[in-house]
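See below for my_file-v8.cif, which holds mmCIF, C-alpha atoms.
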```
data_my_file
loop_
_atom_site.label_atom_id
_atom_site.label_comp_id
_atom_site.auth_asym_id
_atom_site.auth_seq_id
_atom_site.Cartn_x
_atom_site.Cartn_y
_atom_site.Cartn_z
CA MET A 1 4.27 1.66 -0.36
CA SER A 2 4.72 -0.49 2.69
CA ILE A 3 7.00 0.85 5.39
CA ILE A 4 8.53 -1.77 7.66
CA ASN A 5 10.16 -0.20 10.67
CA TYR A 6 11.97 -2.88 12.66
CA GLY A 7 13.18 -0.19 15.07
CA ALA A 8 9.67 0.96 15.96
CA LYS A 9 8.27 -2.61 15.47
CA GLU A 10 5.71 -1.33 13.02
CA ILE A 11 4.47 -2.01 9.49
CA SER A 12 2.38 0.54 7.68
CA PHE A 13 0.42 0.45 4.45
CA LYS A 14 -1.48 2.91 2.27
CA VAL A 15 -5.02 2.14 1.15
CA VAL A 16 -6.82 4.40 -1.32
CA TYR A 17 -10.60 4.60 -1.79
CA TYR A 18 -11.14 5.35 -5.48
CA GLY A 19 -14.31 5.84 -7.51
CA PRO A 20 -16.57 8.38 -9.23
CA GLY A 21 -17.77 11.56 -7.53
CA VAL A 22 -20.38 11.21 -4.77
CA ALA A 23 -20.10 7.40 -4.77
CA GLY A 24 -19.51 7.37 -0.99
CA LYS A 25 -15.74 7.20 -0.53
CA THR A 26 -15.72 9.83 2.21
CA ALA A 27 -18.80 8.19 3.78
CA ASN A 28 -16.78 4.95 4.10
CA LEU A 29 -14.01 6.75 5.95
CA GLN A 30 -16.46 8.61 8.17
CA HIS A 31 -18.05 5.34 9.24
CA VAL A 32 -14.67 3.76 10.03
CA HIS A 33 -13.79 6.87 12.01
CA ARG A 34 -17.11 6.79 13.92
CA LEU A 35 -16.86 3.14 14.90
CA LEU A 36 -13.22 2.65 15.81
CA PRO A 37 -12.23 3.29 19.42
CA ASP A 38 -9.84 6.19 20.03
CA GLY A 39 -6.83 3.94 20.58
CA SER A 40 -7.20 2.44 17.08
CA LYS A 41 -7.49 5.59 15.03
CA GLY A 42 -5.84 8.93 14.50
CA ARG A 43 -7.32 12.23 13.48
CA MET A 44 -9.48 12.25 10.34
CA ILE A 45 -8.53 15.04 7.96
CA SER A 46 -10.79 16.14 5.12
CA LEU A 47 -9.56 18.53 2.48
CA ALA A 48 -12.95 19.43 1.03
CA THR A 49 -14.64 22.30 -0.78
CA GLY A 50 -17.38 24.38 0.86
CA ASP A 51 -20.04 21.95 -0.39
CA ASP A 52 -18.30 18.94 1.15
CA ARG A 53 -16.83 17.60 -2.08
CA THR A 54 -13.32 16.25 -1.54
CA ILE A 55 -10.87 18.58 -3.26
CA PHE A 56 -7.59 16.80 -2.48
CA PHE A 57 -8.05 13.86 -0.12
CA ASP A 58 -9.49 12.59 3.14
CA PHE A 59 -7.04 10.88 5.45
CA LEU A 60 -7.55 8.53 8.37
CA PRO A 61 -4.80 6.47 10.03
CA VAL A 62 -6.03 3.25 11.69
CA ALA A 63 -4.28 0.56 13.71
CA ALA A 64 -4.99 -3.13 13.27
CA VAL A 65 -4.04 -6.28 15.17
CA ALA A 66 -0.29 -6.91 15.48
CA VAL A 67 1.29 -9.39 13.08
CA ARG A 68 4.13 -11.41 14.64
CA GLY A 69 4.78 -8.70 17.18
CA LEU A 70 4.79 -5.87 14.65
CA ALA A 71 2.05 -3.28 15.02
CA THR A 72 0.16 -3.04 11.72
CA LYS A 73 -1.13 0.32 10.59
CA PHE A 74 -3.19 1.33 7.60
CA GLN A 75 -3.34 4.86 6.28
CA LEU A 76 -6.66 5.34 4.53
CA TYR A 77 -7.01 7.96 1.82
CA THR A 78 -9.84 8.95 -0.49
CA VAL A 79 -9.42 10.74 -3.81
CA PRO A 80 -11.66 13.45 -5.23
CA GLY A 81 -14.10 11.75 -7.61
CA GLN A 82 -14.92 14.66 -9.90
CA VAL A 83 -13.48 14.23 -13.38
CA GLN A 84 -11.61 17.56 -13.35
CA TYR A 85 -9.46 16.57 -10.36
CA ASN A 86 -7.51 13.83 -12.10
CA MET A 87 -4.16 15.37 -11.30
CA THR A 88 -4.79 15.30 -7.55
CA ARG A 89 -6.15 11.75 -7.82
CA LYS A 90 -2.89 10.71 -9.38
CA LEU A 91 -0.88 12.35 -6.59
CA VAL A 92 -2.81 10.51 -3.89
CA LEU A 93 -2.11 7.14 -5.55
CA ARG A 94 1.64 7.50 -5.06
CA GLY A 95 2.93 4.57 -3.01
CA VAL A 96 -0.48 2.85 -2.76
CA ASP A 97 -0.54 -0.72 -1.38
CA GLY A 98 -4.20 -1.51 -2.01
CA VAL A 99 -7.32 0.03 -3.54
CA ILE A 100 -11.00 -0.05 -2.63
CA PHE A 101 -13.01 0.91 -5.69
CA VAL A 102 -16.29 2.41 -4.48
CA ALA A 103 -18.85 2.14 -7.28
CA ASP A 104 -22.18 3.96 -7.28
CA SER A 105 -24.79 1.23 -7.86
CA GLN A 106 -27.34 3.50 -9.55
CA TRP A 107 -28.16 2.81 -13.21
CA ASP A 108 -27.40 6.38 -14.27
CA ARG A 109 -23.87 6.21 -12.78
CA LEU A 110 -22.71 3.10 -14.65
CA ARG A 111 -20.77 5.06 -17.23
CA ASP A 112 -19.10 7.15 -14.48
CA ASN A 113 -18.01 3.95 -12.70
CA LEU A 114 -16.45 2.60 -15.88
CA GLU A 115 -14.66 5.85 -16.63
CA SER A 116 -13.35 6.06 -13.09
CA LEU A 117 -12.06 2.48 -13.20
CA ARG A 118 -10.32 3.25 -16.47
CA SER A 119 -8.72 6.38 -14.96
CA LEU A 120 -7.57 4.31 -11.97
CA GLU A 121 -5.80 1.93 -14.29
CA GLU A 122 -4.15 4.76 -16.23
CA ASN A 123 -3.09 6.65 -13.11
CA LEU A 124 -1.59 3.50 -11.55
CA ARG A 125 0.51 2.95 -14.67
CA GLU A 126 2.17 6.32 -14.06
CA TYR A 127 3.73 4.70 -10.98
CA GLN A 128 4.42 1.38 -12.74
CA TYR A 129 1.58 -0.31 -10.86
CA GLU A 130 -0.81 -2.72 -12.58
CA LEU A 131 -4.37 -3.26 -11.43
CA ASP A 132 -3.95 -6.98 -12.12
CA THR A 133 -1.17 -7.37 -9.56
CA LEU A 134 -2.25 -4.80 -6.98
CA PRO A 135 -4.54 -5.94 -4.12
CA TRP A 136 -7.93 -4.34 -4.78
CA VAL A 137 -11.60 -4.94 -4.08
CA LEU A 138 -14.91 -3.59 -5.37
CA GLN A 139 -17.65 -2.08 -3.27
CA TYR A 140 -21.13 -1.60 -4.76
CA ASN A 141 -22.40 1.25 -2.66
CA LYS A 142 -25.85 2.85 -2.25
CA ARG A 143 -27.68 -0.51 -2.32
CA ASP A 144 -30.54 1.11 -0.36
CA LEU A 145 -31.55 3.35 -3.26
CA PRO A 146 -34.47 2.37 -5.52
CA ASN A 147 -32.81 2.76 -8.92
CA VAL A 148 -29.81 0.47 -8.50
CA ALA A 149 -28.52 -2.05 -11.03
CA PRO A 150 -28.48 -5.72 -9.95
CA VAL A 151 -25.17 -6.88 -8.48
CA ASP A 152 -24.74 -9.47 -11.26
CA TYR A 153 -24.91 -6.67 -13.78
CA LEU A 154 -22.38 -4.54 -11.89
CA GLU A 155 -20.10 -7.57 -11.65
CA PHE A 156 -20.40 -8.09 -15.39
CA MET A 157 -19.53 -4.43 -16.04
CA LEU A 158 -16.78 -3.84 -13.49
CA ASN A 159 -15.39 -7.17 -12.29
CA ARG A 160 -14.50 -8.75 -15.59
CA ARG A 161 -10.74 -8.83 -15.62
CA GLY A 162 -8.65 -12.01 -15.78
CA ARG A 163 -8.51 -12.03 -12.00
CA ARG A 164 -11.96 -11.50 -10.43
CA VAL A 165 -11.65 -9.56 -7.20
CA PRO A 166 -13.78 -9.78 -4.03
CA SER A 167 -16.82 -7.49 -4.16
CA PHE A 168 -19.18 -6.21 -1.49
CA GLU A 169 -22.59 -4.59 -1.35
CA ALA A 170 -22.69 -1.55 0.89
CA VAL A 171 -24.73 1.29 2.32
CA ALA A 172 -21.81 3.35 3.57
CA PRO A 173 -23.65 5.96 5.71
CA ASP A 174 -25.26 3.09 7.71
CA GLY A 175 -22.00 1.17 7.81
CA ALA A 176 -23.28 -1.87 5.90
CA GLY A 177 -20.37 -3.50 4.07
CA VAL A 178 -17.81 -0.88 5.15
CA PHE A 179 -15.64 -3.00 7.45
CA GLU A 180 -16.05 -6.16 5.34
CA THR A 181 -14.56 -4.26 2.43
CA LEU A 182 -11.70 -2.74 4.42
CA ASN A 183 -10.80 -5.95 6.24
CA THR A 184 -10.69 -7.92 3.00
CA VAL A 185 -8.35 -5.52 1.24
CA SER A 186 -6.10 -5.27 4.31
CA ARG A 187 -5.83 -9.07 4.42
CA MET A 188 -5.00 -9.13 0.71
CA ILE A 189 -2.31 -6.48 1.20
CA LEU A 190 -0.68 -8.41 4.05
CA LEU A 191 -0.67 -11.68 2.12
CA SER A 192 0.58 -10.00 -1.02
CA GLU A 193 3.41 -8.43 0.95
CA PHE A 194 4.35 -11.25 3.31
CA GLY A 195 2.49 -14.33 2.11
CA PRO A 196 4.00 -17.32 0.36
CA GLU A 197 3.41 -15.98 -3.14
CA GLN A 198 5.36 -12.75 -3.23
CA GLY A 199 3.69 -10.14 -5.42
CA GLY A 200 0.51 -12.11 -6.07
CA ALA A 201 -2.66 -11.27 -4.17
CA ALA A 202 -5.09 -13.84 -2.80
CA MET B 1 5.53 -2.77 -8.11
CA VAL B 2 7.86 -0.36 -6.34
CA ASP B 3 9.53 -1.83 -3.28
CA GLY B 4 8.62 -0.43 0.08
CA VAL B 5 10.94 1.07 2.65
CA VAL B 6 12.54 -0.97 5.40
CA ILE B 7 14.12 0.66 8.41
CA HIS B 8 16.25 -1.75 10.41
CA GLU B 9 17.19 -0.98 13.99
CA GLU B 10 20.69 0.12 13.04
CA ASP B 11 19.25 2.46 10.39
CA ALA B 12 16.85 3.92 12.96
CA SER B 13 19.73 4.89 15.25
CA LYS B 14 21.71 6.38 12.34
CA LEU B 15 18.70 8.50 11.40
CA GLN B 16 18.45 9.70 15.00
CA GLY B 17 22.13 10.66 14.90
CA VAL B 18 21.55 12.83 11.82
CA PHE B 19 18.47 14.40 13.43
CA THR B 20 20.33 15.30 16.61
CA ARG B 21 23.11 16.97 14.65
CA PHE B 22 20.63 18.81 12.44
CA LEU B 23 18.60 20.11 15.39
CA ASP B 24 21.77 21.26 17.18
CA ASP B 25 23.25 22.98 14.14
CA SER B 26 20.09 24.59 12.73
CA GLY B 27 18.26 25.48 15.92
CA ALA B 28 15.06 23.85 14.59
CA ARG B 29 12.68 22.40 17.22
CA ALA B 30 11.55 19.16 15.60
CA VAL B 31 12.18 17.23 12.42
CA LEU B 32 10.24 14.60 10.46
CA LEU B 33 11.50 12.32 7.70
CA ILE B 34 8.56 11.50 5.45
CA GLU B 35 8.22 9.07 2.56
CA ARG B 36 6.77 10.95 -0.44
CA SER B 37 3.65 8.79 -0.34
CA GLY B 38 2.81 10.45 3.00
CA GLN B 39 4.05 7.92 5.53
CA LEU B 40 6.26 8.97 8.41
CA LEU B 41 9.67 7.23 8.43
CA ALA B 42 11.23 8.76 11.55
CA SER B 43 11.11 11.86 13.70
CA GLY B 44 13.47 13.76 15.97
CA GLY B 45 13.24 16.42 18.65
CA PRO B 46 10.15 16.79 20.85
CA ALA B 47 8.00 15.63 17.92
CA GLY B 48 6.00 13.42 20.29
CA ALA B 49 3.85 16.41 21.20
CA LEU B 50 2.82 16.79 17.54
CA ASP B 51 0.33 14.80 15.49
CA THR B 52 3.21 13.60 13.34
CA VAL B 53 1.13 11.12 11.31
CA SER B 54 -1.26 13.84 10.13
CA ILE B 55 1.53 16.33 9.53
CA ALA B 56 3.39 13.74 7.44
CA ALA B 57 0.35 13.04 5.26
CA LEU B 58 -0.43 16.73 4.76
CA ALA B 59 3.18 17.75 4.09
CA ALA B 60 3.59 15.00 1.50
CA GLY B 61 0.30 16.07 -0.11
CA ALA B 62 1.37 19.71 -0.22
CA PHE B 63 4.81 18.79 -1.50
CA SER B 64 3.43 16.56 -4.24
CA SER B 65 1.00 19.25 -5.39
CA THR B 66 3.86 21.76 -5.41
CA GLY B 67 5.79 19.28 -7.56
CA ALA B 68 2.88 19.08 -10.00
CA MET B 69 2.86 22.89 -10.20
CA ALA B 70 6.61 22.86 -10.88
CA LYS B 71 6.04 20.63 -13.90
CA LEU B 72 3.34 22.99 -15.20
CA VAL B 73 5.86 25.84 -15.30
CA GLY B 74 8.64 23.73 -16.79
CA GLU B 75 10.62 22.82 -13.66
CA SER B 76 11.32 19.21 -12.71
CA GLU B 77 10.45 20.01 -9.09
CA PHE B 78 10.68 22.70 -6.42
CA SER B 79 13.19 21.37 -3.92
CA VAL B 80 12.10 23.55 -0.99
CA MET B 81 8.73 24.56 0.43
CA PHE B 82 8.46 27.09 3.24
CA HIS B 83 5.43 28.03 5.37
CA GLN B 84 5.91 31.06 7.55
CA GLY B 85 3.78 31.44 10.66
CA GLU B 86 3.64 34.13 13.30
CA LYS B 87 5.66 32.09 15.80
CA LYS B 88 6.28 28.73 14.18
CA SER B 89 7.34 27.97 10.64
CA LEU B 90 7.86 24.88 8.52
CA HIS B 91 10.64 24.16 6.08
CA VAL B 92 10.21 21.15 3.80
CA SER B 93 12.94 19.96 1.45
CA THR B 94 13.76 16.94 -0.66
CA VAL B 95 15.75 13.93 0.54
CA GLY B 96 16.70 12.10 -2.66
CA GLN B 97 13.90 10.84 -4.89
CA HIS B 98 11.78 9.15 -2.27
CA ALA B 99 11.57 11.25 0.87
CA ILE B 100 11.17 14.76 2.25
CA LEU B 101 12.47 16.39 5.41
CA LEU B 102 10.18 18.65 7.42
CA ALA B 103 11.71 20.98 10.01
CA LEU B 104 9.59 22.86 12.53
CA PHE B 105 11.28 25.98 13.87
CA ASP B 106 10.47 29.19 15.74
CA GLU B 107 12.02 32.61 16.34
CA GLY B 108 15.04 30.93 17.98
CA THR B 109 16.60 30.51 14.52
CA THR B 110 16.22 31.68 10.92
CA VAL B 111 15.01 30.06 7.73
CA GLY B 112 18.51 30.55 6.30
CA MET B 113 20.07 28.41 9.04
CA VAL B 114 17.44 25.72 8.64
CA ARG B 115 17.87 25.67 4.88
CA LEU B 116 21.66 25.49 5.13
CA PHE B 117 21.75 22.54 7.50
CA ALA B 118 18.76 20.78 5.91
CA LYS B 119 20.88 20.34 2.78
CA ASP B 120 23.62 18.56 4.74
CA ALA B 121 21.11 16.49 6.67
CA ALA B 122 19.35 15.46 3.44
CA ARG B 123 22.57 14.02 2.02
CA SER B 124 23.23 11.97 5.16
CA LEU B 125 19.62 10.79 5.45
CA ASP B 126 19.51 9.78 1.79
CA ALA B 127 22.64 7.69 2.29
CA VAL B 128 21.07 5.89 5.26
CA LEU B 129 17.86 5.22 3.28
CA ALA B 130 19.84 3.97 0.28
CA ALA B 131 21.79 1.54 2.48
CA SER B 132 18.54 0.44 4.07
CA ARG B 133 16.98 -0.20 0.67
CA ALA B 134 19.85 -2.53 -0.20
CA ARG B 135 19.17 -4.76 2.83
CA PRO B 136 16.71 -7.70 2.79
CA ARG B 137 13.12 -6.72 3.60
CA ARG B 138 11.99 -9.85 5.34
CA VAL B 139 14.10 -10.58 8.37
CA GLY B 140 13.43 -11.49 11.99
CA ALA B 141 9.74 -11.94 12.68
CA LEU B 142 8.89 -11.65 8.99
CA ALA B 143 11.58 -14.01 7.67
CA ASN B 144 9.03 -16.79 7.09
CA PRO B 145 6.00 -16.23 4.85
CA LEU B 146 2.76 -15.31 6.53
CA ALA B 147 0.10 -18.04 6.57
CA ALA B 148 -3.39 -17.07 5.41
CA ASP B 149 -4.85 -17.31 8.93
CA GLU B 150 -2.17 -15.01 10.32
CA ALA B 151 -3.36 -12.27 8.00
CA GLY B 152 -6.91 -12.55 9.29
CA LEU B 153 -6.80 -9.20 10.99
CA ASP B 154 -9.75 -6.98 11.64
CA VAL B 155 -9.33 -3.27 11.88
CA ALA B 156 -12.76 -3.12 13.48
CA GLY B 157 -10.98 -4.05 16.71
#
```
Produce structure tokens that represent the structure in this file.
Amino acid sequence: MSIINYGAKEISFKVVYYGPGVAGKTANLQHVHRLLPDGSKGRMISLATGDDRTIFFDFLPVAAVAVRGLATKFQLYTVPGQVQYNMTRKLVLRGVDGVIFVADSQWDRLRDNLESLRSLEENLREYQYELDTLPWVLQYNKRDLPNVAPVDYLEFMLNRRGRRVPSFEAVAPDGAGVFETLNTVSRMILLSEFGPEQGGAA
Amino acid sequence: MVDGVVIHEEDASKLQGVFTRFLDDSGARAVLLIERSGQLLASGGPAGALDTVSIAALAAGAFSSTGAMAKLVGESEFSVMFHQGEKKSLHVSTVGQHAILLALFDEGTTVGMVRLFAKDAARSLDAVLAASRARPRRVGALANPLAADEAGLDVAG
């Protein structure tokens, strides 16, 4: 949910990284945190289990370029990917302005990607959000692994709605594709919020 | 899609007025008004020394998970959450349907005082937020639609 604070001259948005377990959502955030200079980021918080699986969420606030004199801030969250944590995933989606769906490109994770995308759609409905009107992008992560499905195939499986969304190949731990994905969804959020076509994303 | 929150300058000063009164009456040290999605709306007291953005995100997370627990035991929500520390404690309570109020306090006051005045403050804050919601979102610098090239921001800096 966007917060416009004319008093503090600030706009802030919530972006959620969604996707199946171990697809690389936290790795995306860690790369953003590593690369941004101190002035452009806040503290990164990870609520994880002992074996580094996210149990509730990761959180990283980042600052972007000002828009018409208003400082623009994005609060980045990840959700836990494991199937059993659906209730916490739903909680994190509250007030979301845009979603990055991080898919695991490996053949044996295709079903998990589909199930996760379906759960995203269901969980958004709880808040009266629709995936077809919300700014969102797809990231095909782990492209460096040997057993990955071709991008065309992933597109056919995951990007087949009435409105095709931008998609990116990524190797999150190396940073490949991480900022391209984030910058695209942040642009879509800004245009959806303040662009000429209110409510419709680019 | 649910509309976002807009805080106009006049709302910001009204919120500060409520905070000042609350801090005086309750003896709390600092206060944060947090949207339930985790975003900080306003803060009062010497909150500048705190990492308010992180606290806001964590408090909203804790509050929302407490709310989910409430539903599991047949309550619609728990309206208050209290974390007691050795020296500093946190009191979190609801402000209408959309926000929560977090008060940081120490041994200079009691949880009873904070709870008592947080209820009053919540009513006043909710009224300010409701009035703010009724005002137009896009004014001033944002009155005209954003062109595509204006949204070409890079968080990579």
Mind running chain A against chain B at 7 Å and telling me each contacting residue's nearest atom pair with the distance in Å (one decimal), counting all atoms listed in the file, chain and number ascending, as CSV?
```
residue,atom,partner,partner_atom,distance
A:Met1,CA,B:Gly4,CA,4.8
A:Ser2,CA,B:Gly4,CA,4.7
A:Ile3,CA,B:Val5,CA,4.8
A:Ile4,CA,B:Val6,CA,4.7
A:Asn5,CA,B:Ile7,CA,4.6
A:Tyr6,CA,B:His8,CA,5.0
A:Gly7,CA,B:Glu9,CA,4.2
A:Leu36,CA,B:Ala156,CA,6.2
A:Ala63,CA,B:Val155,CA,6.6
A:Ala64,CA,B:Val155,CA,4.6
A:Val65,CA,B:Leu153,CA,5.8
A:Arg68,CA,B:Ala141,CA,6.0
A:Leu91,CA,B:Ser64,CA,6.5
A:Arg94,CA,B:Ser37,CA,5.3
A:Gly95,CA,B:Ser37,CA,5.0
A:Gln128,CA,B:Met1,CA,6.3
A:Tyr129,CA,B:Met1,CA,5.4
A:Phe179,CA,B:Ala156,CA,6.7
A:Asn183,CA,B:Asp154,CA,5.6
A:Arg187,CA,B:Ala151,CA,5.4
A:Leu190,CA,B:Ala151,CA,6.1
A:Leu191,CA,B:Ala151,CA,6.5
A:Phe194,CA,B:Leu146,CA,5.4
A:Gly195,CA,B:Leu146,CA,4.5
A:Pro196,CA,B:Pro145,CA,5.0
```
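Between atom CA of Pro80 of chain A and atom CA of Glu193 of chain A the interatomic distance comes to 27.3 Å.
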Item to check | Expected selection from the PyMOL selection byres ((chain A and resi 93) around 10), given as a list in words | outcome: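 Written out, the selection comes to Met1, Lys14, Val15, Val16, Tyr17, Tyr18, Tyr77, Thr78, Val79, Thr88, Arg89, Lys90, Leu91, Val92, Arg94, Gly95, Val96, Asp97, Gly98, Val99, Leu120, Asn123, Leu124, Glu126, Tyr127 and Tyr129 of chain A; Ser37 of chain B.
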Checklist entry - What is the distance, in Å and to one decimal place, between atom CA of Val32 of chain A and atom CA of Val171 of chain A? => result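 Going from atom CA of Val32 of chain A over to atom CA of Val171 of chain A, I get 12.9 Å.
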Next on the checklist: Starting from the PyMOL selection byres ((chain B and resi 104) around 6), expand the selection into actual residues of this file and give them as a VMD selection string.
Outcome noted: chain B and resid 28 to 30 89 to 90 103 105
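With only C-alpha atoms as the atoms that count, the minimum distance from Ile100 of chain A to the choices A:Phe168, A:Phe57, A:Phe156, A:Phe13 is reached by A:Phe168.
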Item to check | Coordinates-based distance that separates atom CA of Asp152 of chain A from atom CA of Ala170 of chain A (Å, one decimal) | outcome: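 Computed distance, atom CA of Ala170 of chain A to atom CA of Asp152 of chain A, equals 14.6 Å.
Using all atoms listed in the file, the shortest contact distance between Gly162 of chain A and any of A:Asp38, A:Asp132, A:Asp51, A:Asp174 is found at A:Asp132.
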Please give the centre and size of the box around segment 63-74 of chain A (axis-aligned, containing every atom listed in the file, 3 Å added per side), with values in Å to one decimal and written as JSON.
```
{"center_x": -0.1, "center_y": -5.0, "center_z": 12.4, "size_x": 15.8, "size_y": 18.7, "size_z": 15.6}
```
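Closest approach to Ser119 of chain A among A:Pro20, A:Val151, A:Ala71, A:Asp58: A:Pro20, based on only C-alpha atoms.
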Checklist entry - Do you know which residues lie at most 10 Å from (23.2, 16.6, 12.3), with coordinates as in the file and only C-alpha atoms counted, and could you write them as a list in words? => result Leu15, Gln16, Gly17, Val18, Phe19, Thr20, Arg21, Phe22, Leu23, Asp24, Asp25, Ser26, Phe117, Ala118, Asp120, Ala121, Ala122, Ser124 and Leu125 of chain B
Item to check | Contacts of Asp112 of chain A at 9 Å (only C-alpha atoms; same-chain gap of 6+ positions) as a PyMOL selection string | outcome: chain A and resi 19-21+103-104
Checklist entry - Do you know which residues are at most 9 Å from Arg53 of chain A counting only C-alpha atoms, after dropping those on the same chain fewer than 5 positions away, and could you put them as number ranges by chain? => result A: 21-22, 26, 47-48, 80-82
Take segment 62-85 of chain B from the block and save it with N, CA and C atoms, as a short mmCIF file (atom, residue, chain, number, x, y, z; two decimals), in the first residue's frame.
```
data_model
loop_
_atom_site.label_atom_id
_atom_site.label_comp_id
_atom_site.auth_asym_id
_atom_site.auth_seq_id
_atom_site.Cartn_x
_atom_site.Cartn_y
_atom_site.Cartn_z
N ALA B 62 4.77 -8.77 13.79
CA ALA B 62 4.39 -9.43 15.04
C ALA B 62 2.90 -9.24 15.30
N PHE B 63 2.41 -8.03 15.02
CA PHE B 63 1.00 -7.77 15.28
C PHE B 63 0.11 -8.59 14.35
N SER B 64 0.54 -8.71 13.09
CA SER B 64 -0.30 -9.48 12.16
C SER B 64 -0.27 -10.96 12.52
N SER B 65 0.88 -11.47 13.01
CA SER B 65 0.88 -12.88 13.36
C SER B 65 0.09 -13.11 14.65
N THR B 66 0.07 -12.13 15.54
CA THR B 66 -0.77 -12.22 16.72
C THR B 66 -2.25 -12.24 16.32
N GLY B 67 -2.57 -11.44 15.30
CA GLY B 67 -3.95 -11.39 14.80
C GLY B 67 -4.38 -12.74 14.22
N ALA B 68 -3.42 -13.40 13.53
CA ALA B 68 -3.73 -14.72 12.96
C ALA B 68 -3.96 -15.73 14.08
N MET B 69 -3.17 -15.60 15.16
CA MET B 69 -3.37 -16.50 16.31
C MET B 69 -4.74 -16.26 16.94
N ALA B 70 -5.13 -14.98 17.03
CA ALA B 70 -6.43 -14.64 17.61
C ALA B 70 -7.54 -15.38 16.88
N LYS B 71 -7.45 -15.36 15.54
CA LYS B 71 -8.49 -16.02 14.74
C LYS B 71 -8.52 -17.52 15.02
N LEU B 72 -7.34 -18.11 15.25
CA LEU B 72 -7.28 -19.55 15.51
C LEU B 72 -7.94 -19.94 16.83
N VAL B 73 -8.02 -18.97 17.76
CA VAL B 73 -8.70 -19.30 19.02
C VAL B 73 -10.09 -18.66 19.10
N GLY B 74 -10.58 -18.17 17.96
CA GLY B 74 -11.95 -17.68 17.91
C GLY B 74 -12.15 -16.22 18.27
N GLU B 75 -11.05 -15.44 18.31
CA GLU B 75 -11.18 -14.00 18.55
C GLU B 75 -11.03 -13.28 17.21
N SER B 76 -11.63 -12.10 17.07
CA SER B 76 -11.44 -11.39 15.80
C SER B 76 -10.03 -10.78 15.75
N GLU B 77 -9.54 -10.29 16.86
CA GLU B 77 -8.15 -9.87 16.95
C GLU B 77 -7.79 -9.63 18.41
N PHE B 78 -6.49 -9.55 18.71
CA PHE B 78 -6.05 -9.11 20.02
C PHE B 78 -5.70 -7.64 19.86
N SER B 79 -6.32 -6.78 20.64
CA SER B 79 -6.14 -5.35 20.36
C SER B 79 -4.88 -4.77 20.99
N VAL B 80 -4.23 -5.52 21.88
CA VAL B 80 -3.02 -5.01 22.52
C VAL B 80 -1.94 -6.08 22.52
N MET B 81 -0.70 -5.65 22.33
CA MET B 81 0.44 -6.56 22.40
C MET B 81 1.48 -5.87 23.28
N PHE B 82 2.08 -6.60 24.20
CA PHE B 82 2.97 -5.95 25.16
C PHE B 82 4.25 -6.77 25.29
N HIS B 83 5.40 -6.13 25.10
CA HIS B 83 6.69 -6.80 25.26
C HIS B 83 7.41 -6.15 26.42
N GLN B 84 7.66 -6.93 27.46
CA GLN B 84 8.31 -6.36 28.64
C GLN B 84 9.80 -6.65 28.62
N GLY B 85 10.61 -5.59 28.72
CA GLY B 85 12.05 -5.77 28.81
C GLY B 85 12.53 -5.44 30.21
#
```
